[in-house]
Amino acid sequence: MLLRFTIENLFCFAGETVFSMVAGKDEEHSEHKCHLRDSYEHEALCAAALYGANAHGKTKLVEAIAFARNLILEGRRPGQSIPVSTFRLDAEKLGQPSYCEFVIFHLGVEYTYGFLANNTRIEEEWLFARPDGEEVRYFERLTDNQGHTQIEFGSALSSLESEDNKFIEYVAKGTRDNQLFLTEAIERNIEVLKPIYSWFLNTLTIVPTNREIESLVIRAYEDSDFRNFISSFLKLANTGIDTISIEEKSLNFDKLLISKRSKYAFASEEFIKEFENDIADGLASQIESEGRKLSEAVRPSVNGQMLICLKTVHNDNQGNAVPFDIDEESSGTQRIMQILPVLADMRETSKVYVVDELDRMLHPLLSRLFLETFLKLNKNNKNQLIFTTHETSLLNLDLLRRDEIWFVEKARSGSSQLYSLADFEFKPNPAIKLERGYLQGRFGGIPFIGDIRSLGW
């Protein structure tokens with residue numbers, strides 16, 4: 001689970017900015033707190049809503065988490081720059097590195113991992129852990145101005161057997177200045193660091209506004225329980241959809257690959273190669289067009305490649321089933337289908353979902369239904385849902401705790417500030433409408449609209 005994420009001099013965040021999922025002392029909605037370990041000092045929250053005016057930094061916070069995750073998982077090639085974007089409205093900040101740090105709780109252990117980076121090198125990197133009450137150092141890394149990297153190991157690594165120790169030191173010496181040591185160590189199969197890496201790979205899930213979490217068509221084809229869950233939720237949400245189904249038909253695979261300008265045009269040559277390899281290995285592969293996943297996929301069969309299509313099924317006035325293509329459904333229906341895997345997997349996984357614009361194209365009641373379903377299904381589980389939103393009807397103490405409500409506001413300097421409702425000295429009465437207070441500017445994080453006459457029309 002995510003406990004804290006701290007950044008500085010990254011995107012629109014100039015000073016040290018801390019986002020925390022550590023539960024405060026308030027007792028309301030105690031079921032939203034996750035017990036992590038006996039005698040452990042913290043409990044984690046299962047949800048957080050981030051509010052703020054347009055262009056004030058909500059999405060940039062999501063992008064900061066995604067930037068760090070991508071740097072860890074994808075690494076850098078030799079000579080490749082690091083996509084750091086420092087705060088640009090302060091001349092002093094331009095020449096300084098960006099700071100990222102995660103404090104997480106994973107597999108019964110608290111980990112603190114972070115780095116300091118500019119466009120050309122990782123200047124610092126560190127990993128500490130608390131398997132019990134005492135903090136243990138794994139490593140600290142420092143890169144000088146000449147690009148020479150020095151890594152000091154703590155007892156968690158130095159206590160390994162001699163051969164393993166020598167290999168880790170060898171990997172450390174070979175780590176390029178633009179590469180994270182954690183990434184390099186995983187590529188060299190250093191087992192002791194795999195738990196922290198696995199959290200970024202398997203637990204932390206970023207859901208931007210224009211992407212599916214996963215291939216719905218492939219999963220719906222392979223998993224009837226998932227298909228039934230999606231059907232049930234869409235029916236509950238009054239979308240007019242009775243069920244979803246899969247259709248299969250023969251496909252001229254060679255023609256599909258050649259016809260790049262067709263409906264099934266692929267995003268890149270790299271994607272085409274990956275696509276062909278999946279088919280050659282006997283795997284189903286999602287079709288993608290202009291970076292956007294579609295509701296079709298190709299799967300191999302004994303009779304050649306088959307096109308599998310995800311369909312929604314409505315009932316006509318005679319009660320007969322009528323199939324529709326996904327792109328014939330409303331934007332809101334397509335959006336809810338994109339994010340429904342969050343709910344479908346909750347009872348079997350412990351993930352951290354970071355969703356940008358949860359309410360995008362959704363009716364306020366549908367946004368609330370999604371959040372209420374998450375909170376209900378997450379009882380006795382350890383999933384987290386962190387989302388940005390403009391949906392003020394979710395600003396309700398009957399639904400969320402004070403420390404689960406966050407605001408992002410831009411100062412006059414252009415730097416974004418992040419704070420929670422729990423940071424305010426007064427404690428709002430649950431009977432008070434937070435929504436009205438927020439829109440009136442009591443908590444900040446709203447646009448202050450100027451006089452329309454200034455447009456000069």
# chains A, B, ... in the order shown; residues from 1 in each chain; ligands from 1
$ residues_around --residues "Arg436 in chain A" --least-positions-apart "3" --cutoff "10 Å" --atoms "only C-alpha atoms" --output "PyMOL selection string"
chain A and resi 392-393+395+432-433+439-442
$ closest_atom_pairs --of "range 169-247 of chain A" --to "range 361-367 of chain A" --cutoff "10 Å" --atoms "only C-alpha atoms" --output "CSV"
residue,atom,partner,partner_atom,distance
A:Leu236,CA,A:Leu366,CA,9.9
A:Ala237,CA,A:Leu366,CA,6.7
A:Asn238,CA,A:Leu366,CA,9.4
$ write_last_selection --atoms "N, CA and C atoms" --output "PDB file, in the first residue's frame"
ATOM      1  N   LEU A 236     -26.915  -2.616 -13.601  1.00  0.00           N
ATOM      2  CA  LEU A 236     -27.195  -1.864 -12.379  1.00  0.00           C
ATOM      3  C   LEU A 236     -27.137  -0.363 -12.617  1.00  0.00           C
ATOM      4  N   ALA A 237     -26.209   0.069 -13.481  1.00  0.00           N
ATOM      5  CA  ALA A 237     -26.018   1.495 -13.750  1.00  0.00           C
ATOM      6  C   ALA A 237     -27.034   2.058 -14.739  1.00  0.00           C
ATOM      7  N   ASN A 238     -27.999   1.239 -15.160  1.00  0.00           N
ATOM      8  CA  ASN A 238     -29.077   1.696 -16.036  1.00  0.00           C
ATOM      9  C   ASN A 238     -28.556   2.240 -17.368  1.00  0.00           C
TER      10      ASN A 238
END
$ closest_atom_pairs --of "range 288-395 of chain A" --to "range 183-199 of chain A" --cutoff "12 Å" --atoms "only C-alpha atoms" --output "CSV"
residue,atom,partner,partner_atom,distance
A:Ser350,CA,A:Trp199,CA,10.1
A:Lys351,CA,A:Trp199,CA,8.8
A:Val352,CA,A:Trp199,CA,9.3
$ write_last_selection --atoms "N, CA and C atoms" --output "CSV table (one decimal), in the first residue's frame"
chain,number,residue,atom,x,y,z
A,350,SER,N,-4.4,-6.8,-4.1
A,350,SER,CA,-4.2,-5.6,-3.3
A,350,SER,C,-3.4,-4.6,-4.1
A,351,LYS,N,-4.1,-3.8,-4.8
A,351,LYS,CA,-3.5,-2.8,-5.7
A,351,LYS,C,-3.7,-1.4,-5.3
A,352,VAL,N,-2.9,-0.5,-5.8
A,352,VAL,CA,-3.0,0.9,-5.7
A,352,VAL,C,-3.4,1.5,-7.0
$ closest_residue --among "A:Arg88, A:Cys46, A:Glu101, A:Ile339" --to "Glu16 in chain A" --atoms "only C-alpha atoms"
A:Glu101
$ residues_around --residues "Ala48 in chain A" --least-positions-apart "3" --cutoff "8 Å" --atoms "only C-alpha atoms" --output "list in words"
Met21, Leu45, Leu385, Ile386, Phe387, Asp403, Glu404, Ile405 and Trp406 of chain A
$ residues_around --residues "range 50-64 of chain A" --least-positions-apart "5" --cutoff "7 Å" --atoms "only C-alpha atoms" --output "short mmCIF file (atom, residue, chain, number, x, y, z; two decimals) with C-alpha atoms, in the first residue's frame"
data_model
loop_
_atom_site.label_atom_id
_atom_site.label_comp_id
_atom_site.auth_asym_id
_atom_site.auth_seq_id
_atom_site.Cartn_x
_atom_site.Cartn_y
_atom_site.Cartn_z
CA PHE A 11 6.30 19.76 -13.02
CA CYS A 12 4.30 22.52 -11.27
CA VAL A 354 -4.32 6.09 -9.38
CA ASP A 356 -7.07 10.61 -13.43
CA PHE A 387 -8.45 9.73 -8.00
CA THR A 388 -8.69 13.27 -9.33
CA THR A 389 -12.15 14.69 -9.84
CA HIS A 390 -14.30 17.78 -10.32
CA ILE A 405 -10.24 14.68 0.71
CA TRP A 406 -7.37 16.63 -0.87
CA PHE A 407 -7.06 19.95 -2.66
CA VAL A 408 -4.50 21.24 -5.16
CA GLU A 409 -4.16 25.01 -5.52
CA LYS A 410 -1.74 27.17 -7.45
CA SER A 416 1.06 24.13 -6.85
CA GLY A 445 -8.64 24.73 -5.00
CA ILE A 446 -11.21 26.51 -7.19
CA PRO A 447 -10.82 28.90 -10.13
#
$ decode --residues "range 239-250 of chain A" --atoms "N, CA and C atoms" --output "mmCIF file, in the first residue's frame"
data_model
loop_
_atom_site.group_PDB
_atom_site.id
_atom_site.type_symbol
_atom_site.label_atom_id
_atom_site.label_comp_id
_atom_site.auth_asym_id
_atom_site.auth_seq_id
_atom_site.Cartn_x
_atom_site.Cartn_y
_atom_site.Cartn_z
ATOM 1 N N THR A 239 -27.586 1.524 -17.950
ATOM 2 C CA THR A 239 -27.036 1.946 -19.240
ATOM 3 C C THR A 239 -27.885 1.455 -20.409
ATOM 4 N N GLY A 240 -28.861 0.592 -20.141
ATOM 5 C CA GLY A 240 -29.647 -0.005 -21.215
ATOM 6 C C GLY A 240 -29.031 -1.288 -21.738
ATOM 7 N N ILE A 241 -27.860 -1.631 -21.248
ATOM 8 C CA ILE A 241 -27.168 -2.846 -21.685
ATOM 9 C C ILE A 241 -27.637 -4.014 -20.825
ATOM 10 N N ASP A 242 -28.066 -5.093 -21.479
ATOM 11 C CA ASP A 242 -28.512 -6.270 -20.747
ATOM 12 C C ASP A 242 -27.336 -7.177 -20.403
ATOM 13 N N THR A 243 -26.385 -7.281 -21.325
ATOM 14 C CA THR A 243 -25.213 -8.121 -21.103
ATOM 15 C C THR A 243 -24.142 -7.740 -22.109
ATOM 16 N N ILE A 244 -22.951 -8.281 -21.946
ATOM 17 C CA ILE A 244 -21.928 -8.139 -22.972
ATOM 18 C C ILE A 244 -21.579 -9.525 -23.494
ATOM 19 N N SER A 245 -21.138 -9.575 -24.742
ATOM 20 C CA SER A 245 -20.864 -10.867 -25.354
ATOM 21 C C SER A 245 -19.639 -10.779 -26.251
ATOM 22 N N ILE A 246 -19.177 -11.930 -26.683
ATOM 23 C CA ILE A 246 -18.020 -12.028 -27.571
ATOM 24 C C ILE A 246 -18.471 -12.644 -28.891
ATOM 25 N N GLU A 247 -18.076 -12.015 -29.990
ATOM 26 C CA GLU A 247 -18.291 -12.579 -31.315
ATOM 27 C C GLU A 247 -16.950 -12.934 -31.932
ATOM 28 N N GLU A 248 -16.924 -14.023 -32.687
ATOM 29 C CA GLU A 248 -15.703 -14.458 -33.374
ATOM 30 C C GLU A 248 -15.970 -14.579 -34.868
ATOM 31 N N LYS A 249 -14.973 -14.190 -35.666
ATOM 32 C CA LYS A 249 -15.089 -14.382 -37.110
ATOM 33 C C LYS A 249 -13.698 -14.553 -37.714
ATOM 34 N N SER A 250 -13.660 -15.188 -38.885
ATOM 35 C CA SER A 250 -12.400 -15.437 -39.559
ATOM 36 C C SER A 250 -11.759 -14.127 -39.976
#
